[in-house]
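Peer 1: One structure, as structure tokens, below. Some questions next.
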Amino acid sequence: MSLDVSPALLEQAERGEVDEAAFVDCVRTSLPYAWEMVSSLVAQLKVDGGEFADNQTPPPDEQARGQLLRALASDAIRGALQRHFGVRLAFQNCHRVAVFPLDGSADDRLAKFTSIRGQLLNQSPELRDC
């Protein structure tokens, strides 16, 4: 299971309406490594400015790697994180998370990051089995 869903949140989902803030809190508590990665990159982008902020350090273990994969591979989780933090998220390989501002100022850089070329240039033998 990718998220530790409380009975109250599950009841909301069964009734049809889910409070997004409660869902975001579920993500925060269920995927702490992924949450910390995204929140630290958002803070870095705000402090440093620029077109984007990214992480190039592999996760410390497979559990952390799994959290990143679950958070960024799920459209619902990824979308909720983007709305919560007010950024656009991008992902390469099994660990390179990047945050981009919502405005169009970094559209070209985001396109380069998410391009086929960008993916190929971000390969290394160490990441082959990640």
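In the structure tokens, chains take letters A, B, ... by order of appearance, with residues numbered from 1 within each chain and ligands from 1 in the order shown.
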For stretch 85-99 of chain A, find every residue with an atom within 7 Å (counting only C-alpha atoms), except residues of its own chain fewer than 2 positions away, and show them as a count of residues only.

Peer 2: 20

Peer 1: Run DSSP on the backbone of this structure and report the residues of chain A it assigns to helix (DSSP H, G or I), as a ChimeraX atom specification.

Peer 2: /A:7-15,20-30,32-48,62-73,75-85,104-113,116-121,125-127

Peer 1: With distances taken over only C-alpha atoms, which residue among A:Arg109, A:Arg70, A:His84, A:Arg78 lies nearest A:Tyr33?

Peer 2: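 Closest candidate: A:Arg70.
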
Peer 1: Which residues in stretch 41-103 of chain A does DSSP call strand (DSSP E or B)? List them as a list in words.

Peer 2: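 DSSP on the backbone gives strand (DSSP E or B) at Ala53, Asp54, Val87, Arg88, Leu89, Ala90, Phe91, Gln92, Arg96, Val97, Ala98, Val99, Phe100 and Pro101 of chain A.
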
Peer 1: I need the residue nearest A:Leu31 from this list: A:Ile77, A:Ala111, A:Ala8, A:Leu3. Use only C-alpha atoms for the distance.

Peer 2: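 That would be A:Leu3, the residue with the smallest distance to A:Leu31.
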
Peer 1: Write out as a list in words which residues come within 7 Å of stretch 13-26 of chain A when counting only C-alpha atoms, dropping same-chain ones fewer than 4 positions away.

Peer 2: Leu3, Asp4, Val5, Leu9, Ser30 and Ala80 of chain A

Peer 1: Find the distance between atom CA of A:Glu62 and atom CA of A:Lys112 and write it in Å to one decimal.

Peer 2: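 If I compute the distance from atom CA of A:Glu62 to atom CA of A:Lys112, I get 28.0 Å.
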